[in-house]
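Undergrad: Dropping in coords-v1.csv, with CSV, C-alpha atoms.
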chain,number,residue,atom,x,y,z
A,1,MET,CA,11.2,-14.2,86.4
A,2,ALA,CA,8.4,-11.7,87.2
A,3,LEU,CA,6.9,-12.2,90.7
A,4,PRO,CA,3.2,-11.5,91.3
A,5,LYS,CA,2.3,-8.2,93.0
A,6,GLN,CA,-0.2,-10.1,95.1
A,7,LEU,CA,0.3,-13.5,96.6
A,8,ILE,CA,-3.5,-14.2,96.4
A,9,ASP,CA,-6.0,-12.6,94.0
A,10,ILE,CA,-8.7,-15.2,93.6
A,11,GLU,CA,-10.4,-15.1,90.2
A,12,ARG,CA,-11.8,-18.7,89.9
A,13,ILE,CA,-13.0,-21.1,92.6
A,14,TYR,CA,-13.3,-24.8,91.9
A,15,LEU,CA,-15.7,-26.4,94.4
A,16,GLU,CA,-17.3,-29.6,95.3
A,17,PRO,CA,-21.1,-29.0,95.5
A,18,ALA,CA,-21.1,-30.2,99.1
A,19,ALA,CA,-18.7,-27.4,100.1
A,20,GLU,CA,-21.6,-24.9,99.8
A,21,THR,CA,-23.5,-26.7,102.6
A,22,TYR,CA,-20.8,-25.9,105.2
A,23,ALA,CA,-20.6,-22.5,107.0
A,24,ARG,CA,-16.9,-22.2,106.2
A,25,GLY,CA,-17.6,-22.8,102.5
A,26,GLN,CA,-20.3,-20.2,102.5
A,27,GLU,CA,-18.0,-17.7,104.2
A,28,ILE,CA,-15.2,-18.1,101.7
A,29,LEU,CA,-17.6,-17.8,98.7
A,30,ALA,CA,-19.0,-14.6,100.2
A,31,LYS,CA,-15.5,-13.3,100.5
A,32,TYR,CA,-14.9,-13.7,96.8
A,33,PRO,CA,-18.2,-12.8,95.2
A,34,GLN,CA,-16.7,-11.9,91.8
A,35,ALA,CA,-14.8,-15.1,91.4
A,36,GLU,CA,-15.9,-17.5,88.7
A,37,ARG,CA,-17.3,-20.7,90.1
A,38,THR,CA,-16.7,-24.1,88.6
A,39,TYR,CA,-18.3,-27.2,90.1
A,40,VAL,CA,-16.1,-30.3,90.2
A,41,GLU,CA,-16.7,-33.9,91.2
A,42,SER,CA,-13.8,-33.9,93.6
A,43,HIS,CA,-11.1,-31.6,94.7
A,44,TRP,CA,-8.6,-34.1,93.4
A,45,LYS,CA,-10.3,-34.4,90.0
A,46,ILE,CA,-10.0,-31.1,88.2
A,47,PRO,CA,-9.1,-31.6,84.5
A,48,SER,CA,-7.7,-28.1,84.0
A,49,LEU,CA,-5.3,-28.6,86.9
A,50,HIS,CA,-4.2,-32.2,86.4
A,51,GLY,CA,-1.4,-32.7,84.0
A,52,ASN,CA,-0.8,-29.0,84.0
A,53,GLU,CA,2.9,-29.4,83.2
A,54,GLY,CA,2.0,-27.8,79.9
A,55,ASN,CA,1.1,-24.6,81.9
A,56,ALA,CA,4.4,-24.5,83.7
A,57,GLU,CA,5.3,-21.1,82.5
A,58,ASP,CA,1.9,-19.8,84.0
A,59,TRP,CA,2.1,-21.5,87.4
A,60,LEU,CA,2.4,-18.3,89.5
A,61,ARG,CA,-0.7,-16.9,88.0
A,62,ILE,CA,-2.6,-20.2,88.5
A,63,LYS,CA,-1.5,-20.4,92.1
A,64,ARG,CA,-2.4,-16.7,92.8
A,65,SER,CA,-5.8,-16.7,91.0
A,66,SER,CA,-7.3,-20.2,91.7
A,67,LEU,CA,-8.8,-21.7,94.8
A,68,VAL,CA,-10.3,-25.1,95.4
A,69,LEU,CA,-13.0,-25.8,98.0
A,70,GLY,CA,-13.6,-29.4,99.1
A,71,VAL,CA,-14.7,-31.6,102.0
A,72,LYS,CA,-12.0,-33.7,103.7
A,73,LYS,CA,-13.0,-37.3,103.7
A,74,GLY,CA,-10.3,-39.1,105.7
A,75,LEU,CA,-10.0,-37.7,109.3
A,76,THR,CA,-7.5,-40.2,110.7
A,77,MET,CA,-4.3,-39.3,112.5
A,78,ARG,CA,-1.0,-40.8,111.2
A,79,PRO,CA,2.0,-41.5,113.5
A,80,ASN,CA,5.0,-39.4,112.8
A,81,GLY,CA,7.7,-39.5,115.4
A,82,ARG,CA,10.0,-36.9,113.7
A,83,SER,CA,8.7,-33.3,113.7
A,84,ALA,CA,5.5,-34.3,115.5
A,85,HIS,CA,4.0,-37.3,117.3
A,86,PHE,CA,1.1,-37.3,114.8
A,87,ILE,CA,0.1,-35.9,111.5
A,88,ALA,CA,-3.4,-34.4,111.8
A,89,PRO,CA,-5.9,-34.5,108.9
A,90,SER,CA,-5.1,-31.7,106.5
A,91,THR,CA,-7.4,-28.7,106.5
A,92,SER,CA,-5.8,-27.6,103.3
A,93,ASN,CA,-3.6,-28.8,100.4
A,94,GLY,CA,-1.4,-26.8,98.0
A,95,CYS,CA,0.0,-23.3,98.3
A,96,ALA,CA,0.0,-19.9,96.6
A,97,MET,CA,3.8,-20.0,96.8
A,98,ALA,CA,6.0,-22.0,94.4
A,99,CYS,CA,9.1,-23.2,96.2
A,100,ALA,CA,11.1,-25.0,93.6
A,101,TYR,CA,11.8,-28.1,95.8
A,102,CYS,CA,8.3,-28.6,97.2
A,103,TYR,CA,7.1,-32.2,97.3
A,104,VAL,CA,3.4,-31.4,97.6
A,105,PRO,CA,2.5,-30.2,94.1
A,106,ARG,CA,2.8,-33.5,92.3
A,107,ARG,CA,-0.5,-34.6,93.8
A,108,LYS,CA,-2.8,-32.2,91.9
A,109,GLY,CA,-0.9,-31.2,88.8
A,110,TYR,CA,2.3,-29.3,89.7
A,111,ALA,CA,0.7,-25.9,89.9
A,112,ASN,CA,-1.4,-27.1,92.8
A,113,PRO,CA,-3.2,-24.0,94.0
A,114,ILE,CA,-4.6,-23.9,97.5
A,115,SER,CA,-7.4,-26.3,98.4
A,116,ILE,CA,-9.3,-25.4,101.5
A,117,PHE,CA,-11.3,-28.1,103.3
A,118,VAL,CA,-14.5,-26.5,104.7
A,119,ASN,CA,-15.5,-29.2,107.2
A,120,ILE,CA,-13.2,-27.7,109.8
A,121,GLU,CA,-15.4,-28.5,112.7
A,122,GLU,CA,-15.2,-32.2,111.9
A,123,ALA,CA,-11.4,-32.0,111.6
A,124,CYS,CA,-11.1,-30.3,115.0
A,125,ALA,CA,-13.5,-32.8,116.6
A,126,ALA,CA,-11.4,-35.7,115.2
A,127,ILE,CA,-8.2,-34.2,116.7
A,128,ALA,CA,-9.9,-33.6,120.0
A,129,ARG,CA,-11.1,-37.2,120.2
A,130,HIS,CA,-7.7,-38.6,119.3
A,131,ALA,CA,-5.9,-36.3,121.9
A,132,GLY,CA,-8.4,-37.4,124.5
A,133,ARG,CA,-7.5,-41.0,124.0
A,134,GLN,CA,-3.8,-40.4,124.3
A,135,GLY,CA,-3.8,-39.2,127.9
A,136,ILE,CA,-0.8,-37.4,129.3
A,137,LEU,CA,2.6,-37.6,127.4
A,138,PRO,CA,4.4,-40.4,129.3
A,139,ALA,CA,7.8,-38.7,129.3
A,140,PRO,CA,9.6,-35.8,127.7
A,141,ASP,CA,11.0,-36.7,124.3
A,142,GLN,CA,12.8,-35.0,121.3
A,143,ILE,CA,9.4,-33.7,120.0
A,144,ASP,CA,8.2,-32.0,123.2
A,145,PRO,CA,8.7,-32.1,127.0
A,146,GLN,CA,5.0,-32.0,127.9
A,147,HIS,CA,2.5,-32.4,125.1
A,148,TRP,CA,1.5,-34.6,122.2
A,149,VAL,CA,2.3,-32.6,119.1
A,150,TYR,CA,0.1,-32.7,116.0
A,151,ASP,CA,1.5,-31.4,112.7
A,152,ILE,CA,-1.4,-29.4,111.2
A,153,GLY,CA,0.3,-28.1,108.1
A,154,GLU,CA,1.8,-31.1,106.3
A,155,ASN,CA,0.5,-30.2,102.8
A,156,GLY,CA,0.5,-26.5,102.7
A,157,ASP,CA,1.4,-23.2,104.4
A,158,LEU,CA,-1.1,-22.3,107.1
A,159,SER,CA,0.1,-18.7,107.3
A,160,VAL,CA,-1.1,-18.3,103.7
A,161,ASP,CA,-4.3,-20.2,104.4
A,162,ALA,CA,-5.1,-17.8,107.2
A,163,SER,CA,-5.4,-15.0,104.7
A,164,ILE,CA,-8.3,-16.8,103.1
A,165,CYS,CA,-10.4,-18.1,106.0
A,166,ASP,CA,-10.5,-18.8,109.7
A,167,ASN,CA,-9.5,-22.5,109.6
A,168,VAL,CA,-6.1,-21.7,111.2
A,169,ARG,CA,-7.7,-19.5,113.9
A,170,ASP,CA,-10.0,-22.4,114.7
A,171,LEU,CA,-7.1,-24.8,115.0
A,172,VAL,CA,-5.1,-22.5,117.2
A,173,GLY,CA,-8.2,-22.1,119.4
A,174,LEU,CA,-8.6,-25.9,119.6
A,175,PHE,CA,-5.1,-26.6,120.9
A,176,ARG,CA,-5.4,-23.7,123.3
A,177,ARG,CA,-8.3,-25.7,124.9
A,178,LEU,CA,-6.7,-29.2,124.8
A,179,PRO,CA,-4.7,-29.8,128.0
A,180,ASN,CA,-2.4,-32.5,126.6
A,181,ALA,CA,-1.8,-31.5,123.0
A,182,LYS,CA,0.0,-28.8,120.9
A,183,GLY,CA,-0.3,-27.9,117.2
A,184,SER,CA,2.7,-27.3,114.9
A,185,PHE,CA,3.3,-26.1,111.4
A,186,ALA,CA,6.1,-24.8,109.2
A,187,THR,CA,5.9,-21.6,107.3
A,188,LYS,CA,7.8,-19.4,104.9
A,189,TYR,CA,5.3,-16.6,105.0
A,190,VAL,CA,4.9,-13.9,107.7
A,191,ASN,CA,1.2,-13.3,108.3
A,192,ARG,CA,0.9,-10.9,111.2
A,193,ASP,CA,-2.9,-11.5,111.5
A,194,LEU,CA,-1.9,-14.7,113.4
A,195,LEU,CA,-0.5,-12.5,116.2
A,196,SER,CA,-4.1,-11.9,117.4
A,197,TYR,CA,-5.0,-15.6,117.8
A,198,ASP,CA,-3.9,-16.0,121.4
A,199,PRO,CA,-2.3,-19.4,121.3
A,200,GLN,CA,-1.1,-19.4,124.9
A,201,GLY,CA,1.9,-21.5,124.1
A,202,LYS,CA,-0.1,-24.3,122.5
A,203,THR,CA,0.8,-23.8,118.9
A,204,ARG,CA,4.4,-24.1,117.5
A,205,ILE,CA,5.3,-22.2,114.4
A,206,ARG,CA,8.5,-23.3,112.6
A,207,PHE,CA,10.0,-20.6,110.4
A,208,SER,CA,12.0,-22.2,107.6
A,209,LEU,CA,15.3,-20.5,106.9
A,210,MET,CA,18.2,-20.8,104.5
A,211,PRO,CA,20.9,-18.4,103.3
A,212,ALA,CA,19.2,-15.4,101.7
A,213,LYS,CA,21.0,-15.6,98.3
A,214,ILE,CA,19.7,-19.2,97.8
A,215,ALA,CA,16.2,-18.4,99.1
A,216,LYS,CA,15.9,-15.6,96.5
A,217,VAL,CA,16.3,-18.3,93.8
A,218,VAL,CA,14.3,-21.3,95.2
A,219,ASP,CA,11.7,-19.8,97.5
A,220,VAL,CA,9.2,-18.3,95.1
A,221,PRO,CA,7.5,-16.0,96.2
A,222,THR,CA,7.8,-16.1,100.0
A,223,SER,CA,8.6,-13.7,102.8
A,224,SER,CA,12.2,-12.7,102.8
A,225,ILE,CA,14.6,-14.5,105.2
A,226,SER,CA,15.1,-11.2,107.1
A,227,GLU,CA,11.4,-10.8,107.5
A,228,ARG,CA,11.0,-14.3,108.8
A,229,ILE,CA,13.8,-13.8,111.4
A,230,ALA,CA,12.4,-10.4,112.4
A,231,ALA,CA,9.0,-12.0,113.0
A,232,VAL,CA,10.3,-14.5,115.6
A,233,ASN,CA,10.3,-12.1,118.5
A,234,ASP,CA,6.8,-10.8,117.8
A,235,PHE,CA,5.3,-14.3,117.5
A,236,VAL,CA,7.0,-15.4,120.8
A,237,ARG,CA,5.6,-12.3,122.4
A,238,ALA,CA,2.2,-13.2,121.1
A,239,GLY,CA,2.3,-16.5,122.8
A,240,TYR,CA,3.5,-18.9,120.2
A,241,GLU,CA,6.3,-21.3,120.6
A,242,VAL,CA,8.6,-20.5,117.7
A,243,HIS,CA,11.2,-22.9,116.3
A,244,LEU,CA,13.4,-22.8,113.2
A,245,ASN,CA,13.5,-25.2,110.3
A,246,PHE,CA,16.9,-25.2,108.5
A,247,SER,CA,15.2,-26.7,105.6
A,248,PRO,CA,16.0,-27.7,103.0
A,249,ILE,CA,19.8,-27.5,103.3
A,250,ILE,CA,21.0,-27.3,99.7
A,251,VAL,CA,24.6,-28.3,99.0
A,252,TYR,CA,26.6,-26.0,96.6
A,253,GLU,CA,30.1,-24.6,96.6
A,254,GLY,CA,30.4,-22.4,99.7
A,255,TRP,CA,27.2,-23.4,101.3
A,256,GLU,CA,28.6,-23.8,104.8
A,257,GLN,CA,30.2,-20.4,104.7
A,258,ASP,CA,26.8,-18.9,103.8
A,259,TYR,CA,25.2,-20.2,106.9
A,260,GLN,CA,27.6,-18.4,109.2
A,261,PRO,CA,26.1,-14.9,108.5
A,262,LEU,CA,22.6,-16.4,108.7
A,263,PHE,CA,23.4,-17.7,112.2
A,264,GLU,CA,24.9,-14.4,113.2
A,265,GLN,CA,21.8,-12.5,112.0
A,266,ILE,CA,19.6,-14.8,114.1
A,267,ASP,CA,21.7,-14.3,117.1
A,268,HIS,CA,21.7,-10.5,116.7
A,269,VAL,CA,17.9,-10.2,116.1
A,270,LEU,CA,16.4,-12.6,118.5
A,271,SER,CA,15.4,-11.5,122.0
A,272,PRO,CA,16.5,-13.3,125.2
A,273,LYS,CA,13.0,-14.7,125.5
A,274,ALA,CA,13.0,-16.1,122.0
A,275,LYS,CA,16.5,-17.6,122.4
A,276,GLU,CA,15.4,-19.3,125.6
A,277,GLN,CA,12.7,-21.3,123.9
A,278,LEU,CA,14.5,-21.8,120.5
A,279,ARG,CA,14.9,-25.2,118.9
A,280,ALA,CA,15.6,-26.3,115.4
A,281,GLU,CA,15.0,-29.0,112.8
A,282,ILE,CA,17.7,-29.7,110.2
A,283,ILE,CA,16.6,-31.3,106.9
A,284,PHE,CA,18.7,-31.8,103.9
A,285,LEU,CA,17.2,-31.5,100.4
A,286,THR,CA,15.2,-34.3,98.8
A,287,HIS,CA,14.5,-33.9,95.1
A,288,ASN,CA,13.0,-36.1,92.3
A,289,GLU,CA,13.4,-36.4,88.6
A,290,GLN,CA,9.8,-35.5,87.8
A,291,LEU,CA,10.0,-32.2,89.6
A,292,HIS,CA,13.3,-31.5,88.0
A,293,GLU,CA,11.9,-31.9,84.5
A,294,VAL,CA,9.0,-29.7,85.3
A,295,ASN,CA,11.2,-27.0,86.9
A,296,LEU,CA,13.2,-26.8,83.7
A,297,ARG,CA,10.1,-25.5,82.0
A,298,TRP,CA,9.6,-22.5,84.3
A,299,HIS,CA,12.6,-22.0,86.6
A,300,PRO,CA,15.8,-23.7,85.3
A,301,LYS,CA,18.0,-21.4,87.5
A,302,ALA,CA,16.7,-23.2,90.5
A,303,GLU,CA,17.8,-26.6,89.1
A,304,GLU,CA,21.4,-25.4,89.0
A,305,TYR,CA,21.3,-25.8,92.8
A,306,LEU,CA,18.7,-28.6,93.2
A,307,TRP,CA,19.8,-31.1,90.6
A,308,ARG,CA,23.2,-32.4,91.5
A,309,PRO,CA,23.4,-36.1,90.4
A,310,ASP,CA,27.1,-36.0,91.1
A,311,LEU,CA,26.2,-35.5,94.8
A,312,GLN,CA,22.9,-37.4,94.9
A,313,GLN,CA,21.7,-40.9,94.9
A,314,VAL,CA,18.3,-42.4,94.0
A,315,LYS,CA,16.1,-43.8,96.8
A,316,ARG,CA,12.5,-45.0,96.7
A,317,SER,CA,10.3,-43.1,99.2
A,318,GLU,CA,7.6,-44.7,101.4
A,319,GLY,CA,5.1,-43.4,98.9
A,320,GLY,CA,6.8,-45.2,96.0
A,321,MET,CA,8.4,-42.1,94.5
A,322,LEU,CA,12.0,-42.3,93.2
A,323,ASN,CA,13.7,-39.5,95.1
A,324,LEU,CA,17.2,-38.0,94.9
A,325,ARG,CA,19.0,-37.5,98.2
A,326,TYR,CA,22.6,-36.6,98.9
A,327,LYS,CA,24.9,-39.6,99.1
A,328,VAL,CA,24.7,-41.1,102.5
A,329,GLY,CA,28.4,-41.0,103.4
A,330,TRP,CA,28.8,-37.3,102.4
A,331,LYS,CA,25.5,-36.3,103.9
A,332,GLN,CA,26.5,-37.6,107.3
A,333,LYS,CA,29.7,-35.6,107.2
A,334,TRP,CA,27.9,-32.5,106.1
A,335,LEU,CA,25.3,-32.9,108.8
A,336,THR,CA,27.9,-33.3,111.5
A,337,ARG,CA,29.7,-30.2,110.3
A,338,PHE,CA,26.4,-28.2,110.1
A,339,GLN,CA,25.5,-29.2,113.7
A,340,ASP,CA,29.0,-28.2,114.9
A,341,LEU,CA,28.6,-24.8,113.3
A,342,LEU,CA,25.1,-24.3,114.7
A,343,ALA,CA,26.4,-25.3,118.2
A,344,ASP,CA,29.2,-22.8,117.9
A,345,LYS,CA,27.1,-19.9,116.6
A,346,LEU,CA,23.8,-20.6,118.4
A,347,PRO,CA,24.7,-22.6,121.4
A,348,TYR,CA,21.2,-22.1,123.0
A,349,CYS,CA,19.5,-23.6,119.9
A,350,GLY,CA,18.9,-27.3,120.6
A,351,VAL,CA,18.3,-29.7,117.7
A,352,ARG,CA,15.0,-31.6,117.8
A,353,TYR,CA,15.3,-33.5,114.6
A,354,ALA,CA,18.0,-33.9,111.9
A,355,PHE,CA,17.7,-35.7,108.7
Please lay out the structure from this file as structure tokens.
TA:
Amino acid sequence: MALPKQLIDIERIYLEPAAETYARGQEILAKYPQAERTYVESHWKIPSLHGNEGNAEDWLRIKRSSLVLGVKKGLTMRPNGRSAHFIAPSTSNGCAMACAYCYVPRRKGYANPISIFVNIEEACAAIARHAGRQGILPAPDQIDPQHWVYDIGENGDLSVDASICDNVRDLVGLFRRLPNAKGSFATKYVNRDLLSYDPQGKTRIRFSLMPAKIAKVVDVPTSSISERIAAVNDFVRAGYEVHLNFSPIIVYEGWEQDYQPLFEQIDHVLSPKAKEQLRAEIIFLTHNEQLHEVNLRWHPKAEEYLWRPDLQQVKRSEGGMLNLRYKVGWKQKWLTRFQDLLADKLPYCGVRYAF
């Protein structure tokens, strides 16, 4: 499978007409003056992207060359209680990367290139109002000892978004100013431009990690595992709180043995300062039949690891999707063994959330 030379090379911009009336929309359009513009009724209603299973073999080009600009309508906060206290309104959706297990793409045709929401000031104001109503965090919990935590990257990878516009810089600046709140997002992409954002400890970045040999198959195309680990010290030094996501954990013959050198690499590379603040999330793979069928069109090698009906069972998600998760009894045993290995190899790395 040929990987793109550039992660982003925008050739076409789909935009809601209202996006042009916002300063952020104007900035992005000015950044890509040569891009073909196509006006659409809604960032969700793009005929050439919906139903694009037929374009599966061309997804990497679609993701790299297409951008959608829209206006976020719903600005409500959703309770979470797992990785964060609240899910903030998305300032983007979709991604230029193509991880084979990603749950987000189904919403806008599986290619799902990046959509940027240009009303960033409204989103930041909504977060600030909500945080103001919360007051002080009553007591330390598994999510954070001091602050209400808002997940700001549920439907994309903000490190990639930051290469397109300043939405992420604005969010980091917002949480720097909020006395009782912290932003959080997971990433598989090392964007060193973020090192200049001055988060002052109020933004948590979670680098997602797995054994490198599996990442080379299912994380397409992302920063290498070694690059992500090497970035932790620099981001801690720049004022971020940096945690790790062991996610998704994919079960295959020898998977536990492959995590040992990963843990040893983390221990060898991280600085004492990085280790002192380190925490982790542990999340086993969730897959679904629709994504399996689509992946067979463009990346069947990944499905050799992801599609294991002998180990998985069907469960309906909160959103009504029929998902495949590892069988409960086995998963609980694997989770216990994983946590034991983590505690042995990285005893300073507490677990905030395991699923």
Undergrad: Give the answer as one residue: which of A:Asn119, A:Gln34, A:Asn112, A:Ser184 has the shortest atom-to-atom distance to A:Gly74, using only C-alpha atoms?
TA: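 Ranking A:Asn119, A:Gln34, A:Asn112, A:Ser184 by distance to A:Gly74, first place goes to A:Asn119.
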Undergrad: Of the residues A:Glu289, A:Ile282, A:Asn295, A:Pro145, which is the one nearest to A:Thr336, using all atoms listed in the file?
TA: A:Ile282
Undergrad: Atom CA of A:Asn233 and atom CA of A:Leu270 are how many Å apart?
TA: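 Going from atom CA of A:Asn233 over to atom CA of A:Leu270 covers 6.1 Å.
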Undergrad: Which residue gives the smallest distance to A:Tyr305 among A:Ile120, A:Leu335, A:Val172, A:Ala100, with only C-alpha atoms counted?
TA: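 Closest to A:Tyr305, using only C-alpha atoms: A:Ala100.
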Undergrad: Pick out the residues sitting within 8 Å of A:Arg37, and hand them over as a ChimeraX atom specification; count only C-alpha atoms, and ignore anything fewer than 2 positions along from it in its own chain.
TA: /A:12-15,35,39
Undergrad: Using only C-alpha atoms, please write the residues we just selected to a file, as a PDB file, in the coordinates of the input.
TA:
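So the final result, stored in selection.pdb, reads:
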ATOM      1  CA  ARG A  12     -11.800 -18.700  89.900  1.00  0.00           C
ATOM      2  CA  ILE A  13     -13.000 -21.100  92.600  1.00  0.00           C
ATOM      3  CA  TYR A  14     -13.300 -24.800  91.900  1.00  0.00           C
ATOM      4  CA  LEU A  15     -15.700 -26.400  94.400  1.00  0.00           C
ATOM      5  CA  ALA A  35     -14.800 -15.100  91.400  1.00  0.00           C
ATOM      6  CA  TYR A  39     -18.300 -27.200  90.100  1.00  0.00           C
TER       7      TYR A  39
END
Undergrad: Could you give me, as a ChimeraX atom specification, the residues within 12 Å of A:Arg177, counting all atoms listed in the file and dropping anything in the same chain fewer than 3 positions from it?
TA: /A:124,127-128,131-132,170-174,180-183,198-203
Undergrad: Write the residues you've just listed into a file as a short mmCIF file (atom, residue, chain, number, x, y, z; two decimals), keeping the file's coordinate frame, and include C-alpha atoms for each of them.
TA:
data_model
loop_
_atom_site.label_atom_id
_atom_site.label_comp_id
_atom_site.auth_asym_id
_atom_site.auth_seq_id
_atom_site.Cartn_x
_atom_site.Cartn_y
_atom_site.Cartn_z
CA CYS A 124 -11.10 -30.30 115.00
CA ILE A 127 -8.20 -34.20 116.70
CA ALA A 128 -9.90 -33.60 120.00
CA ALA A 131 -5.90 -36.30 121.90
CA GLY A 132 -8.40 -37.40 124.50
CA ASP A 170 -10.00 -22.40 114.70
CA LEU A 171 -7.10 -24.80 115.00
CA VAL A 172 -5.10 -22.50 117.20
CA GLY A 173 -8.20 -22.10 119.40
CA LEU A 174 -8.60 -25.90 119.60
CA ASN A 180 -2.40 -32.50 126.60
CA ALA A 181 -1.80 -31.50 123.00
CA LYS A 182 0.00 -28.80 120.90
CA GLY A 183 -0.30 -27.90 117.20
CA ASP A 198 -3.90 -16.00 121.40
CA PRO A 199 -2.30 -19.40 121.30
CA GLN A 200 -1.10 -19.40 124.90
CA GLY A 201 1.90 -21.50 124.10
CA LYS A 202 -0.10 -24.30 122.50
CA THR A 203 0.80 -23.80 118.90
#
Undergrad: Near A:Ile62, within 9 Å and counting only C-alpha atoms, which residues show up once chain neighbours fewer than 2 positions away are dropped, as a PyMOL selection string?
TA: chain A and resi 49+55+58-60+64-67+96+111-113
Undergrad: Name the closest residue to A:Asp267 among the candidates A:Gly254, A:Pro347, A:Pro140, A:Gly25; distances are taken between atoms, counting all atoms listed in the file.
TA: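 Distance minimum relative to A:Asp267 lands on A:Pro347.
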Undergrad: Please write stretch 221-237 of chain A of the preceding block to a file containing N, CA and C atoms, as a PDB file, in the first residue's frame?
TA:
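Listing of decode.pdb after writing:
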ATOM      1  N   PRO A 221      -1.829   7.025   7.652  1.00  0.00           N
ATOM      2  CA  PRO A 221      -0.399   7.108   7.859  1.00  0.00           C
ATOM      3  C   PRO A 221      -0.171   8.047   9.044  1.00  0.00           C
ATOM      4  N   THR A 222       0.455   7.612  10.073  1.00  0.00           N
ATOM      5  CA  THR A 222       0.615   8.373  11.313  1.00  0.00           C
ATOM      6  C   THR A 222       2.090   8.539  11.634  1.00  0.00           C
ATOM      7  N   SER A 223       2.379   9.338  12.666  1.00  0.00           N
ATOM      8  CA  SER A 223       3.754   9.401  13.166  1.00  0.00           C
ATOM      9  C   SER A 223       4.127   8.044  13.736  1.00  0.00           C
ATOM     10  N   SER A 224       5.381   7.668  13.592  1.00  0.00           N
ATOM     11  CA  SER A 224       5.813   6.371  14.089  1.00  0.00           C
ATOM     12  C   SER A 224       5.703   6.310  15.606  1.00  0.00           C
ATOM     13  N   ILE A 225       5.638   5.108  16.131  1.00  0.00           N
ATOM     14  CA  ILE A 225       5.571   4.930  17.583  1.00  0.00           C
ATOM     15  C   ILE A 225       6.794   5.540  18.249  1.00  0.00           C
ATOM     16  N   SER A 226       7.967   5.340  17.686  1.00  0.00           N
ATOM     17  CA  SER A 226       9.195   5.914  18.257  1.00  0.00           C
ATOM     18  C   SER A 226       9.129   7.435  18.282  1.00  0.00           C
ATOM     19  N   GLU A 227       8.579   8.033  17.228  1.00  0.00           N
ATOM     20  CA  GLU A 227       8.469   9.492  17.179  1.00  0.00           C
ATOM     21  C   GLU A 227       7.504  10.006  18.247  1.00  0.00           C
ATOM     22  N   ARG A 228       6.425   9.286  18.452  1.00  0.00           N
ATOM     23  CA  ARG A 228       5.466   9.699  19.481  1.00  0.00           C
ATOM     24  C   ARG A 228       6.100   9.632  20.870  1.00  0.00           C
ATOM     25  N   ILE A 229       6.799   8.540  21.146  1.00  0.00           N
ATOM     26  CA  ILE A 229       7.437   8.400  22.460  1.00  0.00           C
ATOM     27  C   ILE A 229       8.484   9.480  22.659  1.00  0.00           C
ATOM     28  N   ALA A 230       9.287   9.733  21.625  1.00  0.00           N
ATOM     29  CA  ALA A 230      10.344  10.736  21.724  1.00  0.00           C
ATOM     30  C   ALA A 230       9.782  12.128  21.956  1.00  0.00           C
ATOM     31  N   ALA A 231       8.546  12.379  21.517  1.00  0.00           N
ATOM     32  CA  ALA A 231       7.947  13.706  21.658  1.00  0.00           C
ATOM     33  C   ALA A 231       7.470  13.996  23.076  1.00  0.00           C
ATOM     34  N   VAL A 232       7.272  12.972  23.880  1.00  0.00           N
ATOM     35  CA  VAL A 232       6.686  13.176  25.207  1.00  0.00           C
ATOM     36  C   VAL A 232       7.507  14.166  26.030  1.00  0.00           C
ATOM     37  N   ASN A 233       8.812  13.975  26.094  1.00  0.00           N
ATOM     38  CA  ASN A 233       9.641  14.861  26.898  1.00  0.00           C
ATOM     39  C   ASN A 233       9.530  16.309  26.439  1.00  0.00           C
ATOM     40  N   ASP A 234       9.529  16.519  25.129  1.00  0.00           N
ATOM     41  CA  ASP A 234       9.471  17.882  24.595  1.00  0.00           C
ATOM     42  C   ASP A 234       8.141  18.546  24.928  1.00  0.00           C
ATOM     43  N   PHE A 235       7.050  17.798  24.854  1.00  0.00           N
ATOM     44  CA  PHE A 235       5.747  18.383  25.150  1.00  0.00           C
ATOM     45  C   PHE A 235       5.587  18.655  26.644  1.00  0.00           C
ATOM     46  N   VAL A 236       6.151  17.805  27.480  1.00  0.00           N
ATOM     47  CA  VAL A 236       6.137  18.081  28.924  1.00  0.00           C
ATOM     48  C   VAL A 236       6.947  19.338  29.211  1.00  0.00           C
ATOM     49  N   ARG A 237       8.088  19.444  28.578  1.00  0.00           N
ATOM     50  CA  ARG A 237       8.946  20.617  28.769  1.00  0.00           C
ATOM     51  C   ARG A 237       8.253  21.891  28.305  1.00  0.00           C
TER      52      ARG A 237
END
